[in-house]
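K.L.:
Provided herewith is a single structure, encoded as structure tokens, for subsequent inquiry.
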Amino acid sequence: MKGKRMGNTVRGDAVPPRGNGTSGSTAEHERLRECQEHGAGWKKWGPYLSERQWGTVREDYSESGDAWNYFPHDHARSRAYRWGEDGLAGICDDRQILCFALALWNGQDPILKERLFGLTNNEGNHGEDVKEYYFYLDSTPTHSYMKYLYKYPQGAYPYDDLVHTNRRRTKQDPEYELLDTGVFDQDRYFDVFIEYAKASADDLLIRITVSNRGPEPATLHVLPTLWFRNTWSWRDGAKRPVLRQAAPGVIAASHPDLGGRFLSCDGAAALLFTENETNTERLFDTPNRIPYVKDGIGNYVVHGREDAVNPEHSGTKVSAHYPITVGAGQSVALRLRLHDGETADPFGNDFDVVMEARRREADEFYATVVPPSLDADAANVMRQALAGMLWSKQFYYYDVDRWLEERGSDRLSPQRHAPRNEHWHHMENAHILSMPDKWEYPWYAAWDLAFHVLALTMVDENFGKQQLDLMLRHRYQHPSGQIPAYEWNFGDVNPPVHAWATIFTFRLEAARRGQGDVEWLERSFHKLLLNFTWWVNRKDRTGSNVFEGGFLGLDNIGVFDRSAPLPTGGYLEQADGTAWMALFCQNMLEIAAELAMSRPAYADMALKFFEHFLWIATSMLRAGGGTGMWDEADGFFYDVLRLPDGRTERLKVRSMVGLLPLCAVTVFDGEMLEKYPEIRQNARRFLEARPELRAFIHDPVTCGQGGRRLAAILDESKLRRVLAAMLDEKEFLSPYGIRALSRHHAEHPYVFRVGTQEYRVSYLPAESDSGMFGGNSNWRGPIWMPVNGLIIRALLQYYLYYGDAFTIECPTGSGRHMTLYQVAEELARRLTSIFIRDANDRRPVYGGTRKFQEDPHWRDNLLFYEYFHGDNGAGIGASHQTGWTGIIARIMHLFATATAEQMLELGKKAATLEAEP
């Protein structure tokens, strides 16, 4: 077959038409099929190396639980990690046995640049923050091709300046960024590109290209580094693996579990060997147990200590040393190959042929994902968003029972407690997981993960399903039914969006393949049922179907820290917690109805969740009397404070908390009711016996467009009132999406007093001005992509029910009326505009940073921030939280491939935010 070789696959297929989802016949689709159907190992090697292991909970063995200070960045180069590894632009196998990453030295820094630097939570004036410039430029889902860019200054990296200047700044000041230090002035920096291409599942080609952007020749020491994760220091009898020089420029790696591998280094000046062992002499002033330690290569290169590396050319960590001088405006390329067998000529003609083929195949694959209607700039945004999702995979290893035992905690002794996670002894995680951000959040978060799946399933459906599966496995889900939140406190409470992501993924697969994975859906349903029961038992304290939950992922959005005891005493009934549970009911109803089509036993479960939804929805409005969350005068939902003396008060903060009830909406087509008329009769009898349940919420019996029925808290009148506030540019509607807090609070802060203490909520469009939740996350004004995605999904659900007959003024007061589909489309346009060049050729995401706006080597490299300025769209928070911000790819795809008419025809498929004509 012309243009095709088995094993080292090189294809000359024509580029397929763009925009038809992930179905296709490209080489990358074939690799995905081989993985799924035949267990091929195309995903064995990938970007699974964390970008920060220091300062994590797993490495914290302190008494106080101060992870940041127990294992700081200054220790990272010298101290062996217990639970994982980190590196720059790194890769590893799927058990993180053998790791490869880049190290650099510009001749000026006091240390090697082996990992990304950033401020800890106590150092930054707005919490922790990475202070580097790096970009995920490309990746296929099997990681057959990947590209990464790191920008490295030629002058000394300003470690101390960044720490001291940020420490001096207040929470009212902006962050002091790396560009602000002047270290990139006159373009005196290197662009370091690293590309990976797989000739086969176990044969990785590596190309490092160094470009000097400065005005003069400059020297850079490039040190591609290979090492074993330290698994031998933590238990007796564990075998130590070995790296050794097999020939000039060739490293042989031997491990009892991984087997043998080779790293061939084209033209390396030397191979520098040491051990991945702690330098106790430097850190703790005690003698090293072996002469060669983790920071030995840095001591050799930076400080000229020849005795710091092993002259016997063996160890567990090794760097190939490339001191190169690059002319002004010039580039130098280096080649390496990580392979599973000795190769006579690892850098022969096939190296460049395969590298180019994989790059071309990546283009062919994304031509089937990116809609052809997008222009080049928008297509670049969408592709880099998906690349960031794929680069953010990480091997996550954490055996909580062993960790607790190692730090002296005893679950049977009340005198010996751990500072966190002591009720999670069952947990043992050792999988590839999608991370929110591999530097700032190098640990999974349950509700983040649900949003990740929206984007991941665009390119790798099975990986998305596996991610949802993991959270429900017995080594993750608590025996009580709780889904783990995040490693700082697995017992904290994230919004219950797992069922929503599960039915989304099922419907997407069914739309694409003609049928969904019913076995997977059924298995998920049973575990989700445990989680639903946990919520009902733990977060509805009075049994009245109103829910708490604490911060619920919205950090500082409330008057108080909602996860802490209230200064007033009493408790909160939360509008968002109750709305999340209403949506949870709807999702479980959807799943049960789907399963009932082939498994009759689930029909009764569908009825059960239908009834439970009605109780929850009605409880928000207190149809039977009492103080409800709905304020008729304001036309908005608020949290209700219940005081110890029985008094109640609505906390009238106009925030995302009050918009989330709008999102608890799902359209049903009635297919199950046709199959099971007895369920229809039972539901009707239930409603007839309880007319109050239909009096204040949307009547679920009333048919809408196309005979559809709607499960929703808001009837048409309440929907119009909430939408009027949401679409008001003086309140929630920003030029760049829906704000988390109404702009009304800029001039009218909400103030609540307890004795002499005042609690205030003001509109803050950018960083937080308080230390609540570390001070690095703000829900008091900025735009957050995941909740905007939920709002768009809700609008499409309402549109499927109401059709074109329902219009609303958008923006409020403009005189311009839109259907709900058009409103959703307008929100999508505003969100997308954050990243797209505007009429002035500027990207709002980069605000007033001239380098990012104007420099051709910067302006097209995208960062997908944690959240965005409520007024100007500039990126804020974690700069690489592509995780849930990556759903912009799904949003862009939806409105590039569907029209309102097609949406009505597609029916409930809109629930998946996926529409293919």
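By order of appearance in the structure tokens: chains A, B, ..., then residues from 1 within every chain, and ligands from 1 in the order shown.
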Near stretch 347-356 of chain A, counting only C-alpha atoms, which residues have an atom at most 10 Å away, once you skip same-chain residues fewer than 4 positions from it, shown as a ChimeraX atom specification?
P.N.:
/A:8-11,144-145,195-200,204-207,264-266,335-337,343,360-362
K.L.:
Could those selected residues go to a file with C-alpha atoms, as a PDB file, in the first residue's frame?
P.N.:
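Writing done, so here's again26.pdb:
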```pdb
ATOM      1  CA  ASN A   8       6.603   2.870  11.836  1.00  0.00           C
ATOM      2  CA  THR A   9       3.445   4.217  10.271  1.00  0.00           C
ATOM      3  CA  VAL A  10       3.872   6.787   7.535  1.00  0.00           C
ATOM      4  CA  ARG A  11       0.732   7.718   5.655  1.00  0.00           C
ATOM      5  CA  SER A 144       1.890  10.469  18.464  1.00  0.00           C
ATOM      6  CA  TYR A 145       2.856  14.105  17.904  1.00  0.00           C
ATOM      7  CA  GLU A 195       8.632  18.088  19.619  1.00  0.00           C
ATOM      8  CA  TYR A 196       7.829  14.430  20.209  1.00  0.00           C
ATOM      9  CA  ALA A 197       6.823  12.009  17.449  1.00  0.00           C
ATOM     10  CA  LYS A 198       6.183   8.275  17.755  1.00  0.00           C
ATOM     11  CA  ALA A 199       7.625   6.030  15.082  1.00  0.00           C
ATOM     12  CA  SER A 200       5.834   3.229  16.929  1.00  0.00           C
ATOM     13  CA  LEU A 204       9.818   8.188  20.427  1.00  0.00           C
ATOM     14  CA  LEU A 205      11.633  10.745  18.327  1.00  0.00           C
ATOM     15  CA  ILE A 206      12.572  13.965  20.114  1.00  0.00           C
ATOM     16  CA  ARG A 207      13.568  17.203  18.421  1.00  0.00           C
ATOM     17  CA  SER A 264      20.211   7.838  21.740  1.00  0.00           C
ATOM     18  CA  CYS A 265      21.576  11.393  21.825  1.00  0.00           C
ATOM     19  CA  ASP A 266      22.805  12.748  18.506  1.00  0.00           C
ATOM     20  CA  ARG A 335      17.821  15.136  17.998  1.00  0.00           C
ATOM     21  CA  LEU A 336      17.259  12.294  20.458  1.00  0.00           C
ATOM     22  CA  ARG A 337      15.448   8.980  20.289  1.00  0.00           C
ATOM     23  CA  THR A 343      19.069   0.757  16.394  1.00  0.00           C
ATOM     24  CA  ARG A 360       1.111  16.166   9.004  1.00  0.00           C
ATOM     25  CA  GLU A 361      -1.098  13.454  10.511  1.00  0.00           C
ATOM     26  CA  ALA A 362      -1.852  15.779  13.429  1.00  0.00           C
TER      27      ALA A 362
END
```
K.L.:
Any idea what's packed within 7 Å of A:Leu662, counting only C-alpha atoms, ignoring anything in its chain fewer than 3 positions away? Could you give it as a list in words?
P.N.:
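Here the qualifying residues turn out to be Leu659, Val665 and Leu714 of chain A.
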K.L.:
Leaving out stretch 514-531 of chain A and any residue of its chain fewer than 5 positions from it, which residues lie within 9 Å of it when counting only C-alpha atoms, given as a ChimeraX atom specification?
P.N.:
/A:465,468-469,472-473,477,479-483,496,498-499,502-503,505-509,536,588,591-592,594-595,598
K.L.:
From a backbone DSSP assignment, name each residue in stretch 538-600 of chain A labelled helix (DSSP H, G or I), as a PyMOL selection string.
P.N.:
chain A and resi 538-539+575-596+600
K.L.:
Give me a file of those residues, with N, CA and C atoms, as a tab-separated table (two decimals), in the first residue's frame.
P.N.:
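Saved as again-v5.tsv:
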```tsv
chain	number	residue	atom	x	y	z
A	538	ARG	N	-26.36	13.63	53.90
A	538	ARG	CA	-25.37	14.48	54.56
A	538	ARG	C	-25.64	15.97	54.40
A	539	LYS	N	-26.30	16.39	53.33
A	539	LYS	CA	-26.39	17.82	53.04
A	539	LYS	C	-27.80	18.38	53.07
A	575	ALA	N	-28.84	28.25	47.60
A	575	ALA	CA	-29.55	28.23	46.32
A	575	ALA	C	-28.78	27.41	45.29
A	576	ASP	N	-27.43	27.52	45.31
A	576	ASP	CA	-26.67	26.73	44.35
A	576	ASP	C	-26.66	25.26	44.72
A	577	GLY	N	-26.49	24.94	46.01
A	577	GLY	CA	-26.50	23.53	46.42
A	577	GLY	C	-27.81	22.86	46.06
A	578	THR	N	-28.94	23.55	46.30
A	578	THR	CA	-30.24	22.97	45.99
A	578	THR	C	-30.45	22.87	44.49
A	579	ALA	N	-29.99	23.86	43.74
A	579	ALA	CA	-30.10	23.81	42.28
A	579	ALA	C	-29.25	22.67	41.70
A	580	TRP	N	-28.04	22.50	42.26
A	580	TRP	CA	-27.21	21.38	41.79
A	580	TRP	C	-27.94	20.05	42.00
A	581	MET	N	-28.59	19.91	43.15
A	581	MET	CA	-29.29	18.65	43.44
A	581	MET	C	-30.51	18.47	42.54
A	582	ALA	N	-31.17	19.56	42.17
A	582	ALA	CA	-32.27	19.46	41.22
A	582	ALA	C	-31.75	18.96	39.87
A	583	LEU	N	-30.61	19.50	39.44
A	583	LEU	CA	-30.01	19.04	38.18
A	583	LEU	C	-29.54	17.59	38.30
A	584	PHE	N	-28.99	17.22	39.46
A	584	PHE	CA	-28.57	15.84	39.70
A	584	PHE	C	-29.77	14.91	39.51
A	585	CYS	N	-30.93	15.27	40.08
A	585	CYS	CA	-32.14	14.48	39.89
A	585	CYS	C	-32.50	14.34	38.42
A	586	GLN	N	-32.44	15.46	37.70
A	586	GLN	CA	-32.78	15.42	36.27
A	586	GLN	C	-31.84	14.48	35.52
A	587	ASN	N	-30.55	14.57	35.84
A	587	ASN	CA	-29.58	13.72	35.15
A	587	ASN	C	-29.81	12.23	35.46
A	588	MET	N	-30.10	11.94	36.73
A	588	MET	CA	-30.37	10.54	37.11
A	588	MET	C	-31.66	10.07	36.46
A	589	LEU	N	-32.63	10.95	36.33
A	589	LEU	CA	-33.86	10.63	35.61
A	589	LEU	C	-33.55	10.32	34.15
A	590	GLU	N	-32.71	11.14	33.54
A	590	GLU	CA	-32.32	10.88	32.15
A	590	GLU	C	-31.65	9.53	31.99
A	591	ILE	N	-30.71	9.23	32.90
A	591	ILE	CA	-29.98	7.96	32.80
A	591	ILE	C	-30.93	6.80	33.01
A	592	ALA	N	-31.79	6.88	34.03
A	592	ALA	CA	-32.74	5.80	34.30
A	592	ALA	C	-33.68	5.60	33.11
A	593	ALA	N	-34.15	6.70	32.52
A	593	ALA	CA	-35.04	6.60	31.36
A	593	ALA	C	-34.33	5.94	30.19
A	594	GLU	N	-33.07	6.27	29.99
A	594	GLU	CA	-32.30	5.66	28.91
A	594	GLU	C	-32.12	4.16	29.16
A	595	LEU	N	-31.78	3.80	30.38
A	595	LEU	CA	-31.59	2.39	30.71
A	595	LEU	C	-32.89	1.61	30.62
A	596	ALA	N	-34.01	2.27	30.96
A	596	ALA	CA	-35.30	1.60	30.94
A	596	ALA	C	-35.71	1.17	29.53
A	600	PRO	N	-36.20	-2.95	31.78
A	600	PRO	CA	-37.44	-2.44	32.40
A	600	PRO	C	-37.32	-2.11	33.88
```
K.L.:
Which residue is closest to A:Arg562? Choose from A:His748, A:Glu854, A:Asp699, A:Gly550 and count only C-alpha atoms.
P.N.:
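When distances to A:Arg562 are compared using only C-alpha atoms, the smallest one comes from A:Gly550.
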K.L.:
Tell me, as an mmCIF file with N, CA and C atoms, in the first residue's frame, which residues lie within 12 Å of A:Glu114, counting only C-alpha atoms; anything in the same chain fewer than 5 positions away does not count.
P.N.:
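File out31.cif, as written:
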```
data_model
loop_
_atom_site.group_PDB
_atom_site.id
_atom_site.type_symbol
_atom_site.label_atom_id
_atom_site.label_comp_id
_atom_site.auth_asym_id
_atom_site.auth_seq_id
_atom_site.Cartn_x
_atom_site.Cartn_y
_atom_site.Cartn_z
ATOM 1 N N GLU A 51 4.231 19.180 36.341
ATOM 2 C CA GLU A 51 5.100 20.352 36.247
ATOM 3 C C GLU A 51 5.449 20.922 37.623
ATOM 4 N N ARG A 52 4.828 20.366 38.658
ATOM 5 C CA ARG A 52 5.222 20.719 40.034
ATOM 6 C C ARG A 52 4.839 19.576 40.955
ATOM 7 N N HIS A 73 10.363 25.073 46.526
ATOM 8 C CA HIS A 73 11.076 24.979 45.254
ATOM 9 C C HIS A 73 12.579 24.837 45.468
ATOM 10 N N ASP A 74 13.117 25.496 46.467
ATOM 11 C CA ASP A 74 14.560 25.441 46.725
ATOM 12 C C ASP A 74 15.033 24.025 47.063
ATOM 13 N N ALA A 76 13.593 21.285 45.671
ATOM 14 C CA ALA A 76 13.184 20.361 44.613
ATOM 15 C C ALA A 76 14.361 19.798 43.827
ATOM 16 N N ARG A 77 15.386 20.593 43.572
ATOM 17 C CA ARG A 77 16.514 20.099 42.785
ATOM 18 C C ARG A 77 17.375 19.104 43.555
ATOM 19 N N SER A 78 17.251 19.106 44.909
ATOM 20 C CA SER A 78 18.144 18.311 45.744
ATOM 21 C C SER A 78 17.451 17.168 46.472
ATOM 22 N N GLU A 85 7.099 12.750 40.092
ATOM 23 C CA GLU A 85 8.230 13.516 39.573
ATOM 24 C C GLU A 85 7.698 14.737 38.830
ATOM 25 N N ASP A 86 8.584 15.687 38.580
ATOM 26 C CA ASP A 86 8.200 16.840 37.780
ATOM 27 C C ASP A 86 9.330 17.186 36.822
ATOM 28 N N GLY A 87 9.022 17.980 35.817
ATOM 29 C CA GLY A 87 10.030 18.345 34.838
ATOM 30 C C GLY A 87 9.492 19.343 33.838
ATOM 31 N N LEU A 88 10.374 19.810 32.987
ATOM 32 C CA LEU A 88 10.060 20.830 31.986
ATOM 33 C C LEU A 88 9.798 20.148 30.645
ATOM 34 N N ALA A 89 8.585 20.328 30.122
ATOM 35 C CA ALA A 89 8.185 19.746 28.829
ATOM 36 C C ALA A 89 8.367 18.239 28.830
ATOM 37 N N GLY A 90 8.057 17.594 29.951
ATOM 38 C CA GLY A 90 8.432 16.198 30.147
ATOM 39 C C GLY A 90 7.426 15.182 29.668
ATOM 40 N N PHE A 100 11.473 11.557 31.182
ATOM 41 C CA PHE A 100 12.345 12.360 30.318
ATOM 42 C C PHE A 100 11.837 13.788 30.344
ATOM 43 N N ALA A 101 12.760 14.743 30.507
ATOM 44 C CA ALA A 101 12.384 16.159 30.472
ATOM 45 C C ALA A 101 13.599 16.982 30.090
ATOM 46 N N LEU A 102 13.374 18.268 29.949
ATOM 47 C CA LEU A 102 14.402 19.186 29.502
ATOM 48 C C LEU A 102 14.980 19.946 30.700
ATOM 49 N N ALA A 103 16.304 20.101 30.716
ATOM 50 C CA ALA A 103 16.962 21.019 31.645
ATOM 51 C C ALA A 103 17.785 22.000 30.812
ATOM 52 N N LEU A 104 17.910 23.232 31.312
ATOM 53 C CA LEU A 104 18.591 24.291 30.562
ATOM 54 C C LEU A 104 19.458 25.113 31.523
ATOM 55 N N TRP A 105 20.520 25.691 30.981
ATOM 56 C CA TRP A 105 21.307 26.659 31.752
ATOM 57 C C TRP A 105 21.844 27.720 30.808
ATOM 58 N N ASP A 109 22.230 31.773 35.509
ATOM 59 C CA ASP A 109 21.400 31.374 36.640
ATOM 60 C C ASP A 109 22.215 30.648 37.707
ATOM 61 N N TYR A 150 8.955 26.717 25.371
ATOM 62 C CA TYR A 150 9.378 27.351 26.615
ATOM 63 C C TYR A 150 10.249 28.547 26.280
ATOM 64 N N TYR A 152 12.999 31.072 27.560
ATOM 65 C CA TYR A 152 14.026 31.096 28.598
ATOM 66 C C TYR A 152 14.889 32.343 28.455
ATOM 67 N N HIS A 221 23.239 25.954 27.472
ATOM 68 C CA HIS A 221 23.510 24.548 27.780
ATOM 69 C C HIS A 221 22.170 23.817 27.786
ATOM 70 N N VAL A 222 21.999 22.905 26.846
ATOM 71 C CA VAL A 222 20.773 22.117 26.748
ATOM 72 C C VAL A 222 21.069 20.739 27.330
ATOM 73 N N LEU A 223 20.249 20.322 28.291
ATOM 74 C CA LEU A 223 20.511 19.070 29.009
ATOM 75 C C LEU A 223 19.251 18.193 29.030
ATOM 76 N N PRO A 224 18.953 17.507 27.923
ATOM 77 C CA PRO A 224 17.856 16.533 27.960
ATOM 78 C C PRO A 224 18.174 15.479 29.028
ATOM 79 N N THR A 225 17.218 15.209 29.899
ATOM 80 C CA THR A 225 17.487 14.397 31.089
ATOM 81 C C THR A 225 16.546 13.201 31.162
ATOM 82 N N LEU A 226 17.148 12.052 31.484
ATOM 83 C CA LEU A 226 16.409 10.802 31.645
ATOM 84 C C LEU A 226 16.638 10.317 33.071
ATOM 85 N N LYS A 294 20.854 13.906 43.646
ATOM 86 C CA LYS A 294 19.921 14.420 42.637
ATOM 87 C C LYS A 294 20.417 15.681 41.947
ATOM 88 N N ASP A 295 21.052 16.584 42.690
ATOM 89 C CA ASP A 295 21.491 17.848 42.097
ATOM 90 C C ASP A 295 22.931 17.792 41.585
ATOM 91 N N ILE A 297 24.198 16.858 38.685
ATOM 92 C CA ILE A 297 24.422 17.367 37.327
ATOM 93 C C ILE A 297 24.449 18.890 37.348
ATOM 94 N N GLY A 298 23.556 19.490 38.131
ATOM 95 C CA GLY A 298 23.578 20.946 38.274
ATOM 96 C C GLY A 298 24.874 21.427 38.899
ATOM 97 N N SER A 319 21.982 13.212 32.175
ATOM 98 C CA SER A 319 21.720 14.268 31.200
ATOM 99 C C SER A 319 22.729 14.177 30.064
#
```
K.L.:
Per residue of stretch 125-179 of chain A within 9 Å of stretch 861-885 of chain A, what are the shortest atom pair and its distance in Å to one decimal, counting only C-alpha atoms, with rows by chain and residue number, as a Markdown table?
P.N.:
```
| residue | atom | partner | partner_atom | distance |
| --- | --- | --- | --- | --- |
| A:His126 | CA | A:Gly877 | CA | 8.4 |
| A:Gly127 | CA | A:Gly877 | CA | 8.9 |
| A:Glu128 | CA | A:Ala878 | CA | 8.4 |
| A:Asp129 | CA | A:Ala878 | CA | 6.4 |
| A:Val130 | CA | A:Ala878 | CA | 7.5 |
| A:Tyr134 | CA | A:Leu863 | CA | 8.8 |
| A:Phe135 | CA | A:Asn861 | CA | 6.6 |
| A:Tyr136 | CA | A:Leu862 | CA | 8.3 |
| A:Leu137 | CA | A:Asn861 | CA | 7.3 |
| A:Leu149 | CA | A:Asn861 | CA | 9.0 |
```
K.L.:
What's the 12 Å shell around A:Asn69, counting only C-alpha atoms, without same-chain residues fewer than 4 positions away, as a ChimeraX atom specification?
P.N.:
/A:54-57,59-65,73-76,119-123
K.L.:
Store the residues of this selection in a file with C-alpha atoms, as a PDB file, in the first residue's frame.
P.N.:
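result.pdb, written as the output of this step:
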```pdb
ATOM      1  CA  TRP A  54       7.161  20.142  45.301  1.00  0.00           C
ATOM      2  CA  GLY A  55       4.698  21.832  47.647  1.00  0.00           C
ATOM      3  CA  THR A  56       2.011  19.201  47.096  1.00  0.00           C
ATOM      4  CA  VAL A  57       0.008  17.400  49.772  1.00  0.00           C
ATOM      5  CA  GLU A  59       5.038  15.236  49.586  1.00  0.00           C
ATOM      6  CA  ASP A  60       4.010  16.907  52.858  1.00  0.00           C
ATOM      7  CA  TYR A  61       5.153  15.040  55.974  1.00  0.00           C
ATOM      8  CA  SER A  62       5.080  18.071  58.272  1.00  0.00           C
ATOM      9  CA  GLU A  63       3.211  18.127  61.568  1.00  0.00           C
ATOM     10  CA  SER A  64       1.292  21.272  60.645  1.00  0.00           C
ATOM     11  CA  GLY A  65       0.267  20.289  57.136  1.00  0.00           C
ATOM     12  CA  HIS A  73      11.076  24.979  45.254  1.00  0.00           C
ATOM     13  CA  ASP A  74      14.560  25.441  46.725  1.00  0.00           C
ATOM     14  CA  HIS A  75      14.502  21.790  47.871  1.00  0.00           C
ATOM     15  CA  ALA A  76      13.184  20.361  44.613  1.00  0.00           C
ATOM     16  CA  LEU A 119       5.263  31.675  43.963  1.00  0.00           C
ATOM     17  CA  THR A 120       3.783  29.748  46.839  1.00  0.00           C
ATOM     18  CA  ASN A 121       0.480  30.688  48.397  1.00  0.00           C
ATOM     19  CA  ASN A 122       2.236  32.831  51.005  1.00  0.00           C
ATOM     20  CA  GLU A 123       4.585  34.549  48.566  1.00  0.00           C
TER      21      GLU A 123
END
```
K.L.:
Pick out each residue of stretch 222-416 of chain A that DSSP on the backbone tags as strand (DSSP E); I need them as a PyMOL selection string.
P.N.:
chain A and resi 222-228+242-247+250-255+259-265+270-274+314-315+317-326+331-339+393-399
K.L.:
I need the residues from that last selection saved to file as a PDB file, in the first residue's frame (with C-alpha atoms), if you can.
P.N.:
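Below you can see part_15.pdb, which holds the result:
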```
ATOM      1  CA  VAL A 222      20.773  22.117  26.748  1.00  0.00           C
ATOM      2  CA  LEU A 223      20.511  19.070  29.009  1.00  0.00           C
ATOM      3  CA  PRO A 224      17.856  16.533  27.960  1.00  0.00           C
ATOM      4  CA  THR A 225      17.487  14.397  31.089  1.00  0.00           C
ATOM      5  CA  LEU A 226      16.409  10.802  31.645  1.00  0.00           C
ATOM      6  CA  TRP A 227      15.748   9.397  35.111  1.00  0.00           C
ATOM      7  CA  PHE A 228      13.882   6.784  37.112  1.00  0.00           C
ATOM      8  CA  VAL A 242      20.117   1.420  36.420  1.00  0.00           C
ATOM      9  CA  LEU A 243      21.058   3.803  33.640  1.00  0.00           C
ATOM     10  CA  ARG A 244      24.443   3.258  32.023  1.00  0.00           C
ATOM     11  CA  GLN A 245      26.391   4.408  29.010  1.00  0.00           C
ATOM     12  CA  ALA A 246      26.128   1.677  26.391  1.00  0.00           C
ATOM     13  CA  ALA A 247      28.128   3.532  23.726  1.00  0.00           C
ATOM     14  CA  VAL A 250      23.756   6.071  23.981  1.00  0.00           C
ATOM     15  CA  ILE A 251      22.128   5.442  27.372  1.00  0.00           C
ATOM     16  CA  ALA A 252      20.801   1.996  28.287  1.00  0.00           C
ATOM     17  CA  ALA A 253      17.971   1.920  30.858  1.00  0.00           C
ATOM     18  CA  SER A 254      17.127  -1.248  32.758  1.00  0.00           C
ATOM     19  CA  HIS A 255      14.206  -1.623  35.162  1.00  0.00           C
ATOM     20  CA  GLY A 259      12.421  -3.748  30.955  1.00  0.00           C
ATOM     21  CA  GLY A 260      15.192  -2.333  28.791  1.00  0.00           C
ATOM     22  CA  ARG A 261      15.192   0.880  26.791  1.00  0.00           C
ATOM     23  CA  PHE A 262      17.713   3.154  25.104  1.00  0.00           C
ATOM     24  CA  LEU A 263      18.081   6.894  24.730  1.00  0.00           C
ATOM     25  CA  SER A 264      20.211   7.838  21.740  1.00  0.00           C
ATOM     26  CA  CYS A 265      21.576  11.393  21.825  1.00  0.00           C
ATOM     27  CA  ALA A 270      29.026  14.156  27.210  1.00  0.00           C
ATOM     28  CA  LEU A 271      26.687  11.995  29.254  1.00  0.00           C
ATOM     29  CA  LEU A 272      26.496  13.114  32.904  1.00  0.00           C
ATOM     30  CA  PHE A 273      25.336  10.469  35.409  1.00  0.00           C
ATOM     31  CA  THR A 274      24.170  10.811  39.002  1.00  0.00           C
ATOM     32  CA  SER A 314      26.019   4.813  35.540  1.00  0.00           C
ATOM     33  CA  GLY A 315      23.256   5.911  37.909  1.00  0.00           C
ATOM     34  CA  LYS A 317      19.581  10.043  36.482  1.00  0.00           C
ATOM     35  CA  VAL A 318      21.503  11.199  33.429  1.00  0.00           C
ATOM     36  CA  SER A 319      21.720  14.268  31.200  1.00  0.00           C
ATOM     37  CA  ALA A 320      23.131  14.563  27.708  1.00  0.00           C
ATOM     38  CA  HIS A 321      25.146  17.787  27.685  1.00  0.00           C
ATOM     39  CA  TYR A 322      24.818  20.090  24.652  1.00  0.00           C
ATOM     40  CA  PRO A 323      26.579  23.459  25.095  1.00  0.00           C
ATOM     41  CA  ILE A 324      25.504  25.383  21.985  1.00  0.00           C
ATOM     42  CA  THR A 325      26.050  28.921  20.732  1.00  0.00           C
ATOM     43  CA  VAL A 326      23.189  30.286  18.655  1.00  0.00           C
ATOM     44  CA  SER A 331      18.122  28.340  15.368  1.00  0.00           C
ATOM     45  CA  VAL A 332      19.872  25.088  16.274  1.00  0.00           C
ATOM     46  CA  ALA A 333      18.110  21.711  16.321  1.00  0.00           C
ATOM     47  CA  LEU A 334      19.068  18.693  18.445  1.00  0.00           C
ATOM     48  CA  ARG A 335      17.821  15.136  17.998  1.00  0.00           C
ATOM     49  CA  LEU A 336      17.259  12.294  20.458  1.00  0.00           C
ATOM     50  CA  ARG A 337      15.448   8.980  20.289  1.00  0.00           C
ATOM     51  CA  LEU A 338      13.930   6.964  23.149  1.00  0.00           C
ATOM     52  CA  HIS A 339      13.424   3.439  21.878  1.00  0.00           C
ATOM     53  CA  LYS A 393      -2.697  14.646  31.583  1.00  0.00           C
ATOM     54  CA  GLN A 394      -0.634  13.463  34.552  1.00  0.00           C
ATOM     55  CA  PHE A 395       0.271  10.222  36.274  1.00  0.00           C
ATOM     56  CA  TYR A 396      -1.215  10.715  39.736  1.00  0.00           C
ATOM     57  CA  TYR A 397       0.015   8.405  42.484  1.00  0.00           C
ATOM     58  CA  TYR A 398      -1.279   8.647  46.047  1.00  0.00           C
ATOM     59  CA  ASP A 399      -1.823   5.733  48.443  1.00  0.00           C
TER      60      ASP A 399
END
```
K.L.:
Which residues come within 7 Å of stretch 820-828 of chain A, counting only C-alpha atoms, excluding same-chain residues fewer than 2 positions away, as number ranges by chain?
P.N.:
A: 737, 792, 795-796, 799, 807, 818, 830-832, 891, 895, 900
K.L.:
Near A:Glu716, counting only C-alpha atoms, which residues have an atom at most 10 Å away, once you skip same-chain residues fewer than 2 positions from it, shown as a compact mmCIF listing (two decimals) with C-alpha atoms, in the first residue's frame?
P.N.:
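That gives us out-v3.txt:
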```txt
# COMPACT_ATOMS: atom_id res chain seq x y z
CA ILE A 697 -42.46 25.71 39.26
CA HIS A 698 -42.74 24.89 35.59
CA ASP A 699 -45.58 22.41 35.06
CA ALA A 712 -37.30 23.08 35.29
CA ILE A 713 -37.43 25.06 38.51
CA LEU A 714 -38.36 28.26 36.68
CA LYS A 718 -39.61 33.50 36.65
CA LEU A 719 -37.38 32.57 33.72
CA ARG A 720 -37.99 35.97 32.13
CA ARG A 721 -37.18 37.78 35.36
CA TYR A 798 -35.22 26.03 27.17
CA TYR A 802 -40.16 27.01 23.87
CA PHE A 806 -40.08 32.78 23.27
```
